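Trainee: First, the structure itself, so that you have it in front of you.
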Amino acid sequence: MSSKTENGQSGIRISFEFFPPKSEEAEQQLWNTVADLTEWDPEFVSVTYGAGGSTKAPTLSAVRKMIHETPFTTASHLTCVGATREDTHRVIDEFLAAGVRRFVALRGDPPGGVGSAYQPHPGGYANAAELVAALRERGDFDISVSAYPEKHPESRDTSADVDMLKRKADNGADRALTQFFFDNDAFERYHDRVRAAGIKIPVVPGIMPIQNLTQLKRFAGACGTSIPSWLDERFAGTDDDIELRAQVAAEVAAEQIQDLVRRGIDEFHLYTMNRSPLVSAVLERLGIQRKADTRAGAAA
């Protein structure tokens, strides 16, 4: 991988992912997190969108508020699973009316959840590559797509994943955001295959700071992410020590990013889980300057 960093860690660019709240308490937590993370000045943020449009209303509400009430450049996730083309177009129109000009275009999980059989809607877009093409026909949007360093659970092999990413890139995707992973060697092998296939768009590593290792393992098992044994070793003895557990989690994520920087990567997409303390702790360890520091100096 070729290096793109400008001045080591000072050249790191970041983006954040949030998910729409499902309760008043969760909504308060989301906006507290947004306020806390604003000072890190991300390149953009994204808001997830449920399969079959299950969270369209809360996603639309959150995205609209972020666009109009925060400094964030905001992308909305968009899926096509379980929907006709006309239904998908109506959703796109709603998001455009809300001010959305950036999308994360995804096929979406089957209605039965990750691992269940996927059946394209007979009147809809069959996959994310078709969805990207439809978005590109509608306008000059910024379009991100997904990528899978350790193979999508439904793919027959990594080659099929690379082929699908190439279709998405050829249809107009601007970048790929990866599923979270912990094996940087696996990411580098995947990145090399992507470039060998002639795919030139940035492949941005998705980084998951570990809020809860037990829960993460269940989630990782469903989405095909491997959990290396050394993670258990790093978190050993932290079950009853919240502060120590948070410190280890921040160190693990920061070390993963630092290693990827050494391998020539300079852009990272952080899965916030709508919580700010751990994300901020990771960025502090990377030496990234808060925008608030600059504002404070100007105010003084």
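Chain labels run A, B, ... following the order of the structure tokens; each chain numbers its residues from 1, and ligands are numbered from 1 in the order shown.
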Could I get the residues of region 135-253 of chain A with an atom no further than 12 Å from an atom of region 72-82 of chain A, each paired with its nearest atom pair and that distance in Å to one decimal, using only C-alpha atoms, sorted by chain and residue number, as JSON lines?
Mentor:
```
{"residue": "A:Leu135", "atom": "CA", "partner": "A:Leu78", "partner_atom": "CA", "distance": 10.1}
{"residue": "A:Phe141", "atom": "CA", "partner": "A:Ala75", "partner_atom": "CA", "distance": 10.0}
{"residue": "A:Asp142", "atom": "CA", "partner": "A:Ala75", "partner_atom": "CA", "distance": 8.4}
{"residue": "A:Ile143", "atom": "CA", "partner": "A:Ala75", "partner_atom": "CA", "distance": 8.6}
{"residue": "A:Ser144", "atom": "CA", "partner": "A:Ala75", "partner_atom": "CA", "distance": 8.7}
{"residue": "A:Val145", "atom": "CA", "partner": "A:His77", "partner_atom": "CA", "distance": 9.3}
{"residue": "A:Ser146", "atom": "CA", "partner": "A:His77", "partner_atom": "CA", "distance": 10.6}
{"residue": "A:Leu177", "atom": "CA", "partner": "A:His77", "partner_atom": "CA", "distance": 11.7}
```
Trainee: I'd like the neighbourhood of Lys56 (chain A) as a ChimeraX atom specification, where a residue qualifies if any of its atoms comes within 12 Å (using only C-alpha atoms), though same-chain residues fewer than 2 positions away should be ignored.
Mentor: /A:19-22,47-54,58-64,76-80,87-88,90-92,94-95
Trainee: Save the residues we just selected, N, CA and C atoms, as a CSV table (one decimal), in the first residue's frame?
Mentor:
```
chain,number,residue,atom,x,y,z
A,19,PHE,N,-26.1,5.8,14.7
A,19,PHE,CA,-27.4,5.1,14.3
A,19,PHE,C,-28.6,5.9,14.9
A,20,PRO,N,-29.7,5.8,14.3
A,20,PRO,CA,-30.9,6.6,14.7
A,20,PRO,C,-31.4,6.1,16.0
A,21,PRO,N,-31.8,7.0,16.9
A,21,PRO,CA,-32.3,6.5,18.3
A,21,PRO,C,-33.7,5.9,18.2
A,22,LYS,N,-34.0,5.0,19.1
A,22,LYS,CA,-35.3,4.4,19.2
A,22,LYS,C,-36.1,4.7,20.4
A,47,VAL,N,-25.3,8.2,9.1
A,47,VAL,CA,-26.4,7.7,9.9
A,47,VAL,C,-27.0,6.5,9.3
A,48,THR,N,-27.1,5.4,10.1
A,48,THR,CA,-27.5,4.1,9.5
A,48,THR,C,-29.0,4.1,9.2
A,49,TYR,N,-29.4,3.1,8.5
A,49,TYR,CA,-30.8,3.0,8.0
A,49,TYR,C,-31.1,1.5,8.0
A,50,GLY,N,-32.3,1.2,8.6
A,50,GLY,CA,-32.6,-0.3,8.8
A,50,GLY,C,-33.0,-1.0,7.5
A,51,ALA,N,-32.9,-2.3,7.6
A,51,ALA,CA,-33.4,-3.1,6.4
A,51,ALA,C,-34.9,-2.9,6.2
A,52,GLY,N,-35.2,-2.8,4.9
A,52,GLY,CA,-36.6,-2.7,4.5
A,52,GLY,C,-37.2,-1.4,4.9
A,53,GLY,N,-36.4,-0.4,5.2
A,53,GLY,CA,-36.9,0.9,5.6
A,53,GLY,C,-37.4,1.0,7.0
A,54,SER,N,-36.9,0.0,7.9
A,54,SER,CA,-37.5,-0.1,9.2
A,54,SER,C,-37.1,1.1,10.1
A,58,PRO,N,-36.8,7.7,11.7
A,58,PRO,CA,-35.8,8.2,12.7
A,58,PRO,C,-34.5,8.6,12.0
A,59,THR,N,-34.1,7.9,10.9
A,59,THR,CA,-32.9,8.2,10.2
A,59,THR,C,-33.1,9.6,9.5
A,60,LEU,N,-34.2,9.8,8.9
A,60,LEU,CA,-34.5,11.0,8.2
A,60,LEU,C,-34.5,12.2,9.2
A,61,SER,N,-35.1,12.0,10.4
A,61,SER,CA,-35.1,13.0,11.4
A,61,SER,C,-33.7,13.4,11.9
A,62,ALA,N,-32.9,12.3,12.1
A,62,ALA,CA,-31.6,12.5,12.6
A,62,ALA,C,-30.7,13.2,11.6
A,63,VAL,N,-30.8,12.8,10.4
A,63,VAL,CA,-30.0,13.3,9.3
A,63,VAL,C,-30.4,14.8,9.1
A,64,ARG,N,-31.7,15.1,9.0
A,64,ARG,CA,-32.1,16.5,8.8
A,64,ARG,C,-31.6,17.4,9.9
A,76,SER,N,-26.4,9.9,4.6
A,76,SER,CA,-27.4,9.0,5.1
A,76,SER,C,-27.2,7.6,4.4
A,77,HIS,N,-27.3,6.6,5.2
A,77,HIS,CA,-27.3,5.3,4.7
A,77,HIS,C,-28.6,5.1,3.9
A,78,LEU,N,-28.6,4.3,2.8
A,78,LEU,CA,-29.7,4.0,2.0
A,78,LEU,C,-29.6,2.6,1.5
A,79,THR,N,-30.7,1.8,1.8
A,79,THR,CA,-30.8,0.4,1.3
A,79,THR,C,-31.9,0.2,0.3
A,80,CYS,N,-31.8,-0.9,-0.4
A,80,CYS,CA,-32.8,-1.2,-1.4
A,80,CYS,C,-33.5,-2.5,-1.2
A,87,ASP,N,-40.4,2.5,-4.7
A,87,ASP,CA,-40.3,2.8,-3.3
A,87,ASP,C,-38.9,3.4,-2.9
A,88,THR,N,-37.9,2.9,-3.5
A,88,THR,CA,-36.5,3.4,-3.3
A,88,THR,C,-36.4,4.8,-3.8
A,90,ARG,N,-38.8,7.0,-4.0
A,90,ARG,CA,-39.5,7.9,-3.1
A,90,ARG,C,-38.7,8.2,-1.8
A,91,VAL,N,-38.0,7.2,-1.3
A,91,VAL,CA,-37.1,7.4,-0.2
A,91,VAL,C,-36.0,8.4,-0.5
A,92,ILE,N,-35.4,8.2,-1.7
A,92,ILE,CA,-34.4,9.1,-2.1
A,92,ILE,C,-34.9,10.6,-2.2
A,94,GLU,N,-37.3,11.9,-0.5
A,94,GLU,CA,-37.5,12.4,0.9
A,94,GLU,C,-36.2,12.9,1.5
A,95,PHE,N,-35.1,12.1,1.2
A,95,PHE,CA,-33.8,12.5,1.7
A,95,PHE,C,-33.3,13.7,1.0
```
Trainee: Write out as a ChimeraX atom specification all residues of region 181-265 of chain A that backbone DSSP assigns to alpha helix (DSSP H).
Mentor: /A:184-196,213-223,229-235,242-262
Trainee: Env of Ser276 (chain A): 9 Å cut, atoms = only C-alpha atoms, seq-sep filter 2 positions within chain, self excluded. Answer as a PyMOL selection string.
Mentor: chain A and resi 32-34+36-37+272-274+278-281
Trainee: For those residues, write all heavy atoms to a file as a short mmCIF file (atom, residue, chain, number, x, y, z; two decimals), in the first residue's frame.
Mentor:
```
data_model
loop_
_atom_site.label_atom_id
_atom_site.label_comp_id
_atom_site.auth_asym_id
_atom_site.auth_seq_id
_atom_site.Cartn_x
_atom_site.Cartn_y
_atom_site.Cartn_z
N ASN A 32 -26.06 14.22 22.70
CA ASN A 32 -24.93 14.50 23.59
C ASN A 32 -23.63 14.04 22.95
O ASN A 32 -22.59 14.72 23.01
CB ASN A 32 -25.12 13.81 24.94
CG ASN A 32 -26.18 14.47 25.80
OD1 ASN A 32 -26.57 15.61 25.57
ND2 ASN A 32 -26.68 13.75 26.79
N THR A 33 -23.69 12.86 22.32
CA THR A 33 -22.51 12.31 21.64
C THR A 33 -22.11 13.20 20.46
O THR A 33 -20.92 13.49 20.27
CB THR A 33 -22.81 10.88 21.14
OG1 THR A 33 -23.07 10.04 22.26
CG2 THR A 33 -21.64 10.32 20.35
N VAL A 34 -23.08 13.62 19.69
CA VAL A 34 -22.81 14.52 18.56
C VAL A 34 -22.12 15.79 19.04
O VAL A 34 -21.13 16.25 18.46
CB VAL A 34 -24.12 14.84 17.80
CG1 VAL A 34 -23.92 16.02 16.86
CG2 VAL A 34 -24.60 13.62 17.03
N ASP A 36 -20.38 16.23 21.77
CA ASP A 36 -19.02 15.92 22.24
C ASP A 36 -18.04 15.71 21.09
O ASP A 36 -16.88 16.12 21.17
CB ASP A 36 -19.05 14.66 23.12
CG ASP A 36 -19.74 14.88 24.45
OD1 ASP A 36 -19.93 16.04 24.84
OD2 ASP A 36 -20.09 13.86 25.09
N LEU A 37 -18.50 15.05 20.02
CA LEU A 37 -17.59 14.69 18.95
C LEU A 37 -17.41 15.78 17.90
O LEU A 37 -16.55 15.66 17.02
CB LEU A 37 -18.06 13.39 18.27
CG LEU A 37 -18.03 12.14 19.15
CD1 LEU A 37 -18.50 10.91 18.37
CD2 LEU A 37 -16.63 11.89 19.72
N THR A 272 -19.12 4.73 16.20
CA THR A 272 -19.19 5.35 17.53
C THR A 272 -20.11 4.63 18.50
O THR A 272 -19.97 4.80 19.71
CB THR A 272 -19.70 6.80 17.42
OG1 THR A 272 -21.10 6.79 17.05
CG2 THR A 272 -18.90 7.59 16.40
N MET A 273 -21.06 3.85 17.99
CA MET A 273 -22.10 3.24 18.84
C MET A 273 -22.83 4.31 19.66
O MET A 273 -23.35 4.05 20.73
CB MET A 273 -21.50 2.16 19.75
CG MET A 273 -20.75 1.07 19.03
SD MET A 273 -21.70 0.26 17.71
CE MET A 273 -22.93 -0.59 18.69
N ASN A 274 -22.87 5.52 19.11
CA ASN A 274 -23.55 6.67 19.74
C ASN A 274 -23.00 6.97 21.14
O ASN A 274 -23.73 7.44 22.02
CB ASN A 274 -25.06 6.45 19.81
CG ASN A 274 -25.72 6.53 18.45
OD1 ASN A 274 -25.04 6.61 17.42
ND2 ASN A 274 -27.03 6.52 18.42
N LEU A 278 -15.16 6.83 24.59
CA LEU A 278 -14.14 5.93 24.06
C LEU A 278 -13.58 6.44 22.75
O LEU A 278 -12.37 6.38 22.51
CB LEU A 278 -14.72 4.52 23.90
CG LEU A 278 -13.77 3.45 23.37
CD1 LEU A 278 -12.48 3.39 24.18
CD2 LEU A 278 -14.47 2.07 23.38
N VAL A 279 -14.44 6.95 21.89
CA VAL A 279 -13.96 7.50 20.61
C VAL A 279 -12.98 8.64 20.86
O VAL A 279 -11.91 8.72 20.25
CB VAL A 279 -15.15 7.97 19.75
CG1 VAL A 279 -14.65 8.69 18.50
CG2 VAL A 279 -16.03 6.80 19.37
N SER A 280 -13.34 9.54 21.77
CA SER A 280 -12.45 10.67 22.08
C SER A 280 -11.13 10.18 22.66
O SER A 280 -10.06 10.72 22.34
CB SER A 280 -13.13 11.61 23.07
OG SER A 280 -14.21 12.29 22.45
N ALA A 281 -11.18 9.15 23.50
CA ALA A 281 -9.95 8.62 24.10
C ALA A 281 -9.03 8.05 23.02
O ALA A 281 -7.80 8.19 23.09
CB ALA A 281 -10.29 7.55 25.12
#
```
Trainee: Taking the DSSP secondary structure from the backbone, can you list the residues of region 86-281 of chain A that are strand (DSSP E), as a list of chain:residue names?
Mentor: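 Of region 86-281 of chain A, only A:Arg102, A:Phe103, A:Val104, A:Ala105, A:Leu106, A:Asp142, A:Ile143, A:Ser144, A:Val145, A:Ser146, A:Ala147, A:Arg175, A:Ala176, A:Leu177, A:Thr178, A:Gln179, A:Phe180, A:Val203, A:Val204, A:Pro205, A:Gly206, A:Ile207, A:Glu267, A:Phe268, A:His269, A:Leu270, A:Tyr271 fall in strand (DSSP E).
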Trainee: Could I get the residues of region 256-283 of chain A with an atom no further than 8 Å from an atom of region 204-213 of chain A, each paired with its nearest atom pair and that distance in Å to one decimal, using only C-alpha atoms, sorted by chain and residue number, as a tab-separated table?
Mentor:
```
residue	atom	partner	partner_atom	distance
A:Ile257	CA	A:Ile207	CA	7.9
A:Glu267	CA	A:Val204	CA	5.8
A:Phe268	CA	A:Pro205	CA	5.3
A:His269	CA	A:Gly206	CA	4.8
A:Leu270	CA	A:Ile207	CA	4.8
A:Tyr271	CA	A:Met208	CA	5.2
A:Thr272	CA	A:Met208	CA	7.4
A:Leu278	CA	A:Pro209	CA	6.9
A:Val279	CA	A:Pro209	CA	6.8
A:Val282	CA	A:Pro209	CA	7.9
```
Trainee: Closest to Leu131 (chain A) among A:Val252, A:Ala147, A:Ala98, A:Ala173, using only C-alpha atoms?
Mentor: A:Ala173
Trainee: Which residues are near region 186-197 of chain A? Cut-off 10 Å, only C-alpha atoms, ignore same chain within fewer than 3 positions. Put them as a ChimeraX atom specification.
Mentor: /A:1,147-151,158-159,161-163,165-166,178,180-183,200-205,226,260,263-265
Trainee: List the spatial neighbours of region 238-240 of chain A as an MDAnalysis selection string - criterion: any atom at most 12 Å away, only C-alpha atoms, same-chain residues fewer than 4 positions off excluded.
Mentor: chainID A and resid 211:214 231:234 244:249
Trainee: In Å, how far is it from CA of Asp259 (chain A) to CA of Ala176 (chain A)?
Mentor: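 CA of Ala176 (chain A) lies at a distance of 19.7 Å from CA of Asp259 (chain A).
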